[in-house]
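Content type CSV, C-alpha atoms, from the file final37.csv:
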```
chain,number,residue,atom,x,y,z
A,441,MET,CA,0.0,0.0,0.0
A,442,GLY,CA,1.0,3.6,-0.3
A,443,HIS,CA,3.2,5.1,2.4
A,444,LEU,CA,1.3,6.9,5.2
A,445,SER,CA,2.5,10.5,5.6
A,446,ALA,CA,1.5,12.9,8.4
A,447,GLY,CA,-1.8,13.8,6.8
A,448,LYS,CA,-2.6,11.8,3.8
A,449,SER,CA,-1.9,8.5,2.0
A,450,VAL,CA,0.0,8.2,-1.2
A,451,LEU,CA,-2.1,6.0,-3.4
A,452,ALA,CA,-1.1,3.5,-6.0
A,453,GLU,CA,-3.7,2.6,-8.7
A,454,GLY,CA,-6.6,0.6,-7.2
A,455,GLU,CA,-5.7,1.4,-3.6
A,456,ILE,CA,-8.2,2.8,-1.0
A,457,ALA,CA,-7.5,6.1,0.7
A,458,PHE,CA,-6.1,5.4,4.2
A,459,THR,CA,-4.7,8.2,6.3
A,460,PRO,CA,-2.9,8.3,9.7
A,461,LYS,CA,-6.2,9.7,11.2
A,462,ASP,CA,-8.1,6.7,9.8
A,463,PHE,CA,-5.5,4.3,11.4
A,464,SER,CA,-5.8,6.1,14.8
A,465,ARG,CA,-9.5,5.9,14.8
A,466,ILE,CA,-9.4,2.1,14.1
A,467,ALA,CA,-6.7,1.6,16.7
A,468,ALA,CA,-8.8,3.5,19.3
A,469,ILE,CA,-11.8,1.2,18.6
A,470,MET,CA,-9.6,-2.0,19.0
A,471,ARG,CA,-8.3,-0.7,22.3
A,472,GLU,CA,-11.7,0.3,23.5
A,473,ASP,CA,-13.5,-2.8,22.5
A,474,ALA,CA,-10.9,-5.5,22.9
A,475,GLY,CA,-8.0,-4.0,24.8
A,476,ILE,CA,-5.8,-4.7,21.7
A,477,SER,CA,-2.9,-2.3,21.1
A,478,LEU,CA,-2.2,-1.6,17.5
A,479,PRO,CA,1.2,0.0,16.9
A,480,VAL,CA,1.8,2.0,13.7
A,481,SER,CA,3.9,-0.9,12.5
A,482,LYS,CA,0.6,-2.8,11.9
A,483,THR,CA,-0.6,-0.3,9.3
A,484,THR,CA,-0.1,-2.7,6.4
A,485,LEU,CA,-1.9,-5.5,8.2
A,486,VAL,CA,-4.8,-3.2,9.0
A,487,TYR,CA,-5.0,-2.0,5.4
A,488,SER,CA,-4.8,-5.5,4.0
A,489,ARG,CA,-7.5,-7.0,6.2
A,490,LEU,CA,-10.0,-4.1,6.2
A,491,SER,CA,-9.7,-3.1,2.6
A,492,LYS,CA,-11.4,-6.4,1.8
A,493,ARG,CA,-14.4,-5.4,4.0
A,494,ILE,CA,-14.4,-1.9,2.5
A,495,ARG,CA,-14.7,-3.4,-1.0
A,496,VAL,CA,-17.4,-5.8,0.0
A,497,LEU,CA,-19.4,-2.9,1.5
A,498,GLY,CA,-18.9,-0.8,-1.6
A,499,LEU,CA,-17.2,2.1,0.2
A,500,ARG,CA,-14.6,4.4,-1.3
A,501,SER,CA,-12.3,5.1,1.6
A,502,PHE,CA,-11.2,4.2,5.1
A,503,GLU,CA,-12.8,7.5,6.2
A,504,GLU,CA,-16.2,6.3,5.2
A,505,TYR,CA,-15.5,3.0,6.9
A,506,CYS,CA,-14.5,4.7,10.1
A,507,SER,CA,-17.7,6.7,10.1
A,508,LEU,CA,-19.6,3.4,9.7
A,509,VAL,CA,-18.0,1.8,12.7
A,510,ALA,CA,-18.0,4.9,14.9
A,511,ASP,CA,-21.2,3.8,16.6
A,512,PRO,CA,-20.4,1.2,19.3
A,513,LYS,CA,-23.6,-0.6,18.4
A,514,ALA,CA,-22.9,-0.8,14.6
A,515,ALA,CA,-23.0,-4.3,13.3
A,516,GLU,CA,-19.9,-3.7,11.2
A,517,ARG,CA,-17.9,-3.0,14.4
A,518,ARG,CA,-18.1,-6.8,15.1
A,519,GLN,CA,-16.7,-7.5,11.6
A,520,LEU,CA,-13.9,-5.1,12.3
A,521,LEU,CA,-13.0,-6.9,15.4
A,522,THR,CA,-13.1,-10.3,13.7
A,523,ALA,CA,-11.0,-9.1,10.8
A,524,LEU,CA,-8.2,-7.7,13.0
A,525,THR,CA,-8.2,-10.5,15.6
A,526,THR,CA,-5.4,-13.0,15.1
A,527,ASN,CA,-6.4,-16.7,15.4
A,528,VAL,CA,-3.4,-19.0,15.4
A,529,THR,CA,-3.9,-22.3,17.1
A,530,ARG,CA,-3.3,-26.0,16.8
A,531,PHE,CA,-3.9,-29.1,18.9
A,532,PHE,CA,-1.5,-29.5,21.8
A,533,ARG,CA,0.2,-26.2,21.1
A,534,GLU,CA,3.1,-25.8,23.6
A,535,PRO,CA,2.9,-29.5,24.7
A,536,HIS,CA,4.7,-28.9,28.0
A,537,HIS,CA,1.6,-27.3,29.3
A,538,PHE,CA,-0.5,-30.5,28.6
A,539,ASP,CA,2.2,-32.6,30.1
A,540,HIS,CA,2.1,-30.5,33.3
A,541,LEU,CA,-1.7,-30.7,33.3
A,542,LYS,CA,-1.7,-34.5,32.8
A,543,THR,CA,1.0,-35.3,35.4
A,544,LYS,CA,0.6,-32.7,38.1
A,545,VAL,CA,-2.8,-31.0,38.0
A,546,LEU,CA,-5.4,-33.6,36.9
A,547,PRO,CA,-4.6,-36.7,38.9
A,548,PRO,CA,-5.6,-35.4,42.3
A,549,LEU,CA,-8.6,-33.5,40.8
A,550,LEU,CA,-9.9,-36.7,39.1
A,551,GLU,CA,-9.4,-38.7,42.2
A,552,ALA,CA,-11.7,-36.2,44.0
A,553,VAL,CA,-14.1,-36.2,41.1
A,554,ARG,CA,-14.8,-39.9,41.6
A,555,LYS,CA,-15.7,-39.1,45.2
A,556,GLY,CA,-18.3,-36.4,44.0
A,557,ALA,CA,-16.2,-33.3,43.5
A,558,SER,CA,-16.5,-31.0,40.5
A,559,VAL,CA,-13.8,-29.7,38.2
A,560,ARG,CA,-13.9,-26.6,36.1
A,561,LEU,CA,-11.2,-25.6,33.6
A,562,TRP,CA,-11.2,-22.5,31.3
A,563,SER,CA,-9.7,-22.0,27.9
A,564,ALA,CA,-9.8,-18.2,27.9
A,565,ALA,CA,-9.0,-17.5,24.2
A,566,CYS,CA,-10.1,-20.8,22.6
A,567,SER,CA,-10.0,-19.7,18.9
A,568,SER,CA,-11.5,-22.5,16.8
A,569,GLY,CA,-11.4,-25.0,19.6
A,570,GLN,CA,-8.2,-26.9,19.4
A,571,GLU,CA,-7.0,-25.8,22.8
A,572,PRO,CA,-10.1,-26.8,24.8
A,573,TYR,CA,-10.4,-30.0,22.9
A,574,SER,CA,-6.7,-30.7,23.7
A,575,ILE,CA,-7.6,-30.2,27.4
A,576,GLY,CA,-10.6,-32.5,27.0
A,577,LEU,CA,-8.4,-35.2,25.3
A,578,THR,CA,-6.0,-35.0,28.2
A,579,LEU,CA,-8.8,-35.6,30.6
A,580,LEU,CA,-10.2,-38.5,28.6
A,581,SER,CA,-6.7,-40.1,28.4
A,582,LEU,CA,-6.6,-40.3,32.2
A,583,MET,CA,-10.3,-41.0,32.8
A,584,PRO,CA,-12.2,-42.3,29.7
A,585,ASP,CA,-15.6,-41.9,31.4
A,586,VAL,CA,-14.9,-38.4,32.6
A,587,ALA,CA,-17.8,-36.9,30.7
A,588,ASN,CA,-20.2,-38.7,33.0
A,589,TYR,CA,-18.9,-36.8,35.9
A,590,ASP,CA,-19.1,-33.1,37.0
A,591,VAL,CA,-16.2,-32.0,34.8
A,592,ARG,CA,-16.5,-29.3,32.3
A,593,ILE,CA,-14.2,-27.0,30.2
A,594,LEU,CA,-15.4,-23.5,29.5
A,595,ALA,CA,-14.1,-22.3,26.1
A,596,THR,CA,-14.4,-18.6,25.3
A,597,ASP,CA,-13.3,-16.3,22.5
A,598,ILE,CA,-14.1,-12.7,21.4
A,599,ASP,CA,-14.7,-13.8,17.8
A,600,PRO,CA,-18.1,-15.4,17.2
A,601,SER,CA,-17.0,-17.1,14.1
A,602,MET,CA,-14.3,-18.9,16.1
A,603,VAL,CA,-16.8,-19.9,18.8
A,604,ARG,CA,-19.1,-21.3,16.1
A,605,GLN,CA,-16.2,-23.4,14.6
A,606,GLY,CA,-15.4,-24.7,18.0
A,607,ARG,CA,-18.9,-25.8,18.7
A,608,GLU,CA,-19.1,-27.6,15.3
A,609,GLY,CA,-15.9,-29.4,16.2
A,610,ILE,CA,-15.0,-30.3,12.6
A,611,TYR,CA,-11.4,-30.4,11.5
A,612,ASP,CA,-9.4,-31.6,8.6
A,613,ALA,CA,-7.5,-34.8,9.4
A,614,ALA,CA,-4.2,-33.0,8.7
A,615,THR,CA,-4.7,-30.7,11.7
A,616,LEU,CA,-4.8,-33.8,14.0
A,617,GLU,CA,-1.2,-34.6,13.4
A,618,PRO,CA,-0.1,-33.3,16.9
A,619,VAL,CA,-2.8,-35.4,18.6
A,620,PRO,CA,-1.2,-38.6,20.1
A,621,ALA,CA,-2.3,-41.7,18.2
A,622,ASP,CA,-4.0,-43.2,21.3
A,623,MET,CA,-6.2,-40.1,21.6
A,624,ARG,CA,-7.5,-40.0,18.1
A,625,ARG,CA,-10.2,-42.5,19.0
A,626,TRP,CA,-12.3,-39.6,20.3
A,627,PHE,CA,-12.8,-38.3,16.8
A,628,VAL,CA,-15.2,-39.7,14.2
A,629,ARG,CA,-15.9,-39.2,10.6
A,630,ALA,CA,-17.7,-35.9,10.0
A,631,GLY,CA,-20.1,-37.3,7.5
A,632,SER,CA,-19.4,-34.4,5.1
A,633,ARG,CA,-18.5,-34.6,1.5
A,634,ARG,CA,-14.8,-34.2,2.3
A,635,GLU,CA,-13.5,-37.6,3.5
A,636,SER,CA,-10.6,-35.9,5.2
A,637,GLU,CA,-12.8,-34.1,7.7
A,638,LEU,CA,-13.2,-35.5,11.3
A,639,ARG,CA,-15.6,-34.4,14.0
A,640,VAL,CA,-15.0,-34.5,17.8
A,641,GLY,CA,-16.8,-37.5,19.3
A,642,ASP,CA,-19.7,-37.2,21.7
A,643,GLU,CA,-17.6,-37.9,24.8
A,644,LEU,CA,-15.2,-35.1,23.9
A,645,GLN,CA,-17.8,-32.7,22.8
A,646,ARG,CA,-19.8,-33.1,26.1
A,647,LEU,CA,-16.8,-31.9,28.1
A,648,VAL,CA,-16.6,-28.5,26.4
A,649,VAL,CA,-19.0,-25.5,26.6
A,650,PHE,CA,-18.3,-22.7,24.1
A,651,GLN,CA,-19.3,-19.1,24.8
A,652,GLU,CA,-18.5,-15.7,23.3
A,653,LEU,CA,-16.6,-13.6,25.7
A,654,ASN,CA,-14.5,-10.4,25.6
A,655,LEU,CA,-11.7,-10.6,28.1
A,656,VAL,CA,-11.7,-6.9,28.8
A,657,GLY,CA,-15.5,-6.8,29.2
A,658,LYS,CA,-17.8,-8.2,31.9
A,659,TRP,CA,-17.4,-11.8,32.9
A,660,PRO,CA,-20.5,-13.9,33.9
A,661,MET,CA,-18.6,-16.7,35.6
A,662,LYS,CA,-19.7,-17.2,39.2
A,663,ARG,CA,-17.4,-20.0,40.2
A,664,ARG,CA,-13.6,-20.6,40.3
A,665,PHE,CA,-11.5,-22.7,38.1
A,666,GLN,CA,-8.8,-25.3,39.0
A,667,ALA,CA,-6.9,-24.4,35.8
A,668,ILE,CA,-7.0,-21.5,33.3
A,669,PHE,CA,-5.3,-21.5,29.9
A,670,CYS,CA,-4.9,-17.8,28.9
A,671,ARG,CA,-2.2,-18.1,26.3
A,672,ASN,CA,-0.9,-15.9,23.5
A,673,VAL,CA,-3.5,-13.2,24.2
A,674,VAL,CA,-1.9,-10.5,26.3
A,675,ILE,CA,0.9,-10.1,23.7
A,676,TYR,CA,-1.6,-7.9,21.9
A,677,PHE,CA,-2.3,-5.8,25.0
A,678,ASP,CA,-0.2,-2.9,26.5
A,679,ASP,CA,1.4,-3.5,29.9
A,680,ASP,CA,-1.4,-1.8,31.8
A,681,THR,CA,-4.1,-3.9,30.2
A,682,GLN,CA,-2.0,-7.1,30.7
A,683,ALA,CA,-1.6,-6.4,34.4
A,684,LYS,CA,-5.4,-5.8,34.8
A,685,LEU,CA,-6.2,-9.0,33.1
A,686,TRP,CA,-3.8,-11.1,35.3
A,687,GLU,CA,-5.3,-9.3,38.3
A,688,ARG,CA,-8.8,-10.3,37.3
A,689,LEU,CA,-7.8,-13.9,36.6
A,690,THR,CA,-6.2,-14.5,39.9
A,691,PRO,CA,-9.4,-14.3,42.1
A,692,ILE,CA,-11.2,-16.8,40.0
A,693,LEU,CA,-8.5,-19.5,40.4
A,694,GLU,CA,-9.1,-22.0,43.1
A,695,PRO,CA,-6.5,-22.0,45.8
A,696,GLY,CA,-3.8,-24.2,44.4
A,697,GLY,CA,-5.1,-23.6,40.9
A,698,THR,CA,-2.9,-23.3,37.8
A,699,LEU,CA,-2.6,-20.5,35.2
A,700,TYR,CA,-0.9,-21.3,31.8
A,701,VAL,CA,0.3,-18.4,29.7
A,702,GLY,CA,1.9,-18.1,26.3
A,703,HIS,CA,5.6,-18.8,25.6
A,704,SER,CA,6.5,-15.1,25.3
A,705,GLU,CA,4.2,-13.9,28.1
A,706,ARG,CA,5.0,-13.1,31.7
A,707,ILE,CA,2.8,-12.1,34.7
A,708,ASN,CA,3.1,-8.5,35.6
A,709,GLY,CA,1.3,-6.1,38.0
A,710,PRO,CA,-0.2,-7.1,41.4
A,711,ALA,CA,-0.9,-10.7,40.3
A,712,ALA,CA,2.9,-11.3,40.1
A,713,ALA,CA,3.1,-11.2,43.9
A,714,ARG,CA,0.3,-13.8,44.3
A,715,LEU,CA,1.3,-16.4,41.6
A,716,SER,CA,4.3,-18.6,41.9
A,717,PRO,CA,6.2,-20.1,38.9
A,718,ASP,CA,5.4,-23.8,38.6
A,719,GLY,CA,7.1,-24.7,35.3
A,720,ILE,CA,7.6,-23.2,31.9
A,721,THR,CA,5.2,-20.2,31.6
A,722,THR,CA,3.1,-22.0,34.3
A,723,TYR,CA,2.0,-20.3,37.5
A,724,ARG,CA,0.2,-21.6,40.6
A,725,LEU,CA,-1.9,-19.8,43.2
A,726,PRO,CA,-0.8,-20.9,46.7
A,727,ALA,CA,-3.1,-23.5,48.3
A,728,ASN,CA,-3.6,-21.3,51.3
A,729,GLU,CA,-4.6,-18.2,49.3
A,730,GLY,CA,-7.6,-16.5,50.7
A,731,GLU,CA,-7.3,-18.1,54.2
```
Would you write the structure of this file as structure tokens?
Amino acid sequence: MGHLSAGKSVLAEGEIAFTPKDFSRIAAIMREDAGISLPVSKTTLVYSRLSKRIRVLGLRSFEEYCSLVADPKAAERRQLLTALTTNVTRFFREPHHFDHLKTKVLPPLLEAVRKGASVRLWSAACSSGQEPYSIGLTLLSLMPDVANYDVRILATDIDPSMVRQGREGIYDAATLEPVPADMRRWFVRAGSRRESELRVGDELQRLVVFQELNLVGKWPMKRRFQAIFCRNVVIYFDDDTQAKLWERLTPILEPGGTLYVGHSERINGPAAARLSPDGITTYRLPANEGE
């Protein structure tokens, strides 16, 4: 795209007018609605993703588009958020977390479950579902009848299209490559025209509840979680927003609960004094917290 100067864009043929003011307005919406910080270095990315929406809508410039999404209730504002949200995921991404979950966190929890206890786990930025289903597969590998007990995984994401994909639970067989062979029995043929598509089986699907949720908005949850996966999300937030999110997550962890974060993320702010490292990008709330 043309280079953004202080007040105007230099357009090549076929390009859509995009000024620094337009970028600032879009960046402000992303920060206000999702807590996402968009540095100027993301100008090309913003142009690339939103110019498609502008052409679909038959608009002539980013200025017109900014006017369209200025109203917080505008339907297109959701499309803006979806277009600029990065959804990179895969099954068993950062496998050390699932090893930790399987060997350290789940065994005592599942022992208690058989005696009538409940377990709640949260995938706080679930994208298209591979993360929560990986958690579910880990549960099933330890306790194949776990779906018959009071064990559930909450899977949330800001992008409704990702939530919808997660609920459908249909994936191309190639995406299951990271799934251990002994866990693939919890997938079935999707019954679609594409023979390569598989669907999560009933036992796995029953474990996961998908909901749309904005991490910088209001949270409806009323109970605590024994483990929370909040990975590769805060890298898009500024330091202050990161600290506020960690501070909000800590009180909804059960004492002794575990928080998993992304490989390039670290806990900052007040939560850092309450959470102790318990492995690679893994943190634990002390068991006596709140006493």
For the interface of segment 541-615 of chain A with segment 682-703 of chain A (cut-off 12 Å, counting only C-alpha atoms), please tabulate each contacting residue of segment 541-615 of chain A alongside its nearest pair of atoms and their separation in Å to one decimal, rows sorted by chain and increasing number, as a Markdown table.
```
| residue | atom | partner | partner_atom | distance |
| --- | --- | --- | --- | --- |
| A:Leu541 | CA | A:Thr698 | CA | 8.7 |
| A:Lys544 | CA | A:Thr698 | CA | 10.0 |
| A:Val545 | CA | A:Thr698 | CA | 7.7 |
| A:Leu546 | CA | A:Thr698 | CA | 10.6 |
| A:Pro548 | CA | A:Gly696 | CA | 11.5 |
| A:Leu549 | CA | A:Gly697 | CA | 10.5 |
| A:Ser558 | CA | A:Glu694 | CA | 11.9 |
| A:Val559 | CA | A:Glu694 | CA | 10.3 |
| A:Arg560 | CA | A:Glu694 | CA | 9.7 |
| A:Leu561 | CA | A:Leu693 | CA | 9.5 |
| A:Trp562 | CA | A:Leu699 | CA | 9.7 |
| A:Ser563 | CA | A:Tyr700 | CA | 9.7 |
| A:Ala564 | CA | A:Leu689 | CA | 9.9 |
| A:Ala565 | CA | A:Val701 | CA | 10.8 |
| A:Glu571 | CA | A:Tyr700 | CA | 11.8 |
| A:Ile575 | CA | A:Tyr700 | CA | 12.0 |
```
Within 10 Å of segment 624-640 of chain A, counting all atoms listed in the file, which residues qualify if same-chain residues fewer than 6 places away don't, as a PyMOL selection string?
-> chain A and resi 573+576-577+580-581+584+606-617+646
Using only C-alpha atoms, collect all residues at a distance of at most 9 Å from (-2.1, -34.9, 24.3) as written in the file, then present them as a PyMOL selection string.
-> chain A and resi 531-532+535+538-539+542+574-575+577-578+581+618-620+623
Measure the distance from atom CA of Phe677 of chain A to atom CA of Ile707 of chain A in Å and round it to one decimal.
->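 Rounded to one decimal, the two atoms are 12.6 Å apart.
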Sphere at (-10.2, -39.4, 41.5), radius 12 Å, counting only C-alpha atoms: residues as JSON, numbers by chain = {"A": [545, 546, 547, 548, 549, 550, 551, 552, 553, 554, 555, 556, 557, 558, 559, 579, 582, 583, 585, 586, 589, 590, 591]}
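Using all atoms listed in the file, the shortest contact distance between Thr522 of chain A and any of A:Met602, A:Leu478, A:Leu508, A:Ala595 is found at A:Met602.
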Minimum-distance residue to Gly657 of chain A, chosen among A:Glu643, A:Asp473, A:Glu516, A:Glu455 (using all atoms listed in the file) =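 Residue with the minimum atom-to-atom distance to Gly657 of chain A: A:Asp473.
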Separation of atom CA of Thr681 of chain A and atom CA of Pro479 of chain A, in Å?
-> 14.8 Å
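Compared by their closest atoms to Glu503 of chain A, and using only C-alpha atoms, the residues A:Leu647, A:Ile593, A:Leu490, A:Ala667 rank with A:Leu490 nearest.
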Looking at all atoms listed in the file, which of A:Ala457, A:Leu524, A:Cys506, A:Leu497 is the one that sits closest to Arg471 of chain A?
->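 Of all the options, A:Leu524 lies closest to Arg471 of chain A.
Considering all atoms listed in the file, the residue among A:His540, A:Ser501, A:Glu652, A:Ala510 positioned nearest to Asp718 of chain A is A:His540.
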Go through A:Phe669, A:Tyr676, A:Tyr723, A:Phe650 and flag the residue nearest Thr525 of chain A, using only C-alpha atoms for the distances.
->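 Nearest to Thr525 of chain A: A:Tyr676.
Interatomic distance, atom CA of Ile494 of chain A against atom CA of Phe458 of chain A: 11.2 Å.
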Do a neighbour search on Pro660 of chain A at 12 Å with all atoms listed in the file, toss out local chain neighbours closer than 4 positions, and write the hits as JSON, numbers by chain.
-> {"A": [594, 596, 651, 652, 653, 654, 655, 664, 692]}
Some atoms are absent from segment 494-509 of chain A, so rebuild N, CA and C atoms and return them as an mmCIF file, in the frame of the given file.
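Wrote result-v1.cif, looks like this:
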```
data_model
loop_
_atom_site.group_PDB
_atom_site.id
_atom_site.type_symbol
_atom_site.label_atom_id
_atom_site.label_comp_id
_atom_site.auth_asym_id
_atom_site.auth_seq_id
_atom_site.Cartn_x
_atom_site.Cartn_y
_atom_site.Cartn_z
ATOM 1 N N ILE A 494 -14.023 -3.138 3.103
ATOM 2 C CA ILE A 494 -14.400 -1.900 2.500
ATOM 3 C C ILE A 494 -14.946 -2.153 1.052
ATOM 4 N N ARG A 495 -14.262 -3.037 0.331
ATOM 5 C CA ARG A 495 -14.700 -3.400 -1.000
ATOM 6 C C ARG A 495 -16.017 -4.118 -1.009
ATOM 7 N N VAL A 496 -16.166 -5.049 -0.071
ATOM 8 C CA VAL A 496 -17.400 -5.800 0.000
ATOM 9 C C VAL A 496 -18.593 -4.868 0.311
ATOM 10 N N LEU A 497 -18.345 -3.845 1.128
ATOM 11 C CA LEU A 497 -19.400 -2.900 1.500
ATOM 12 C C LEU A 497 -19.634 -1.822 0.443
ATOM 13 N N GLY A 498 -18.774 -1.779 -0.554
ATOM 14 C CA GLY A 498 -18.900 -0.800 -1.600
ATOM 15 C C GLY A 498 -18.560 0.615 -1.201
ATOM 16 N N LEU A 499 -17.670 0.737 -0.214
ATOM 17 C CA LEU A 499 -17.200 2.100 0.200
ATOM 18 C C LEU A 499 -16.025 2.505 -0.574
ATOM 19 N N ARG A 500 -15.713 3.809 -0.465
ATOM 20 C CA ARG A 500 -14.600 4.400 -1.300
ATOM 21 C C ARG A 500 -13.361 4.658 -0.494
ATOM 22 N N SER A 501 -13.466 4.721 0.827
ATOM 23 C CA SER A 501 -12.300 5.100 1.600
ATOM 24 C C SER A 501 -12.394 4.572 3.037
ATOM 25 N N PHE A 502 -11.251 4.573 3.728
ATOM 26 C CA PHE A 502 -11.200 4.200 5.100
ATOM 27 C C PHE A 502 -11.986 5.255 5.967
ATOM 28 N N GLU A 503 -12.015 6.487 5.490
ATOM 29 C CA GLU A 503 -12.800 7.500 6.200
ATOM 30 C C GLU A 503 -14.237 7.152 6.278
ATOM 31 N N GLU A 504 -14.789 6.689 5.164
ATOM 32 C CA GLU A 504 -16.200 6.300 5.200
ATOM 33 C C GLU A 504 -16.374 5.052 6.085
ATOM 34 N N TYR A 505 -15.402 4.151 6.072
ATOM 35 C CA TYR A 505 -15.500 3.000 6.900
ATOM 36 C C TYR A 505 -15.457 3.343 8.399
ATOM 37 N N CYS A 506 -14.568 4.275 8.743
ATOM 38 C CA CYS A 506 -14.500 4.700 10.100
ATOM 39 C C CYS A 506 -15.761 5.370 10.605
ATOM 40 N N SER A 507 -16.414 6.091 9.717
ATOM 41 C CA SER A 507 -17.700 6.700 10.100
ATOM 42 C C SER A 507 -18.751 5.609 10.316
ATOM 43 N N LEU A 508 -18.685 4.536 9.521
ATOM 44 C CA LEU A 508 -19.600 3.400 9.700
ATOM 45 C C LEU A 508 -19.493 2.733 11.007
ATOM 46 N N VAL A 509 -18.247 2.553 11.469
ATOM 47 C CA VAL A 509 -18.000 1.800 12.700
ATOM 48 C C VAL A 509 -17.885 2.694 13.935
#
```
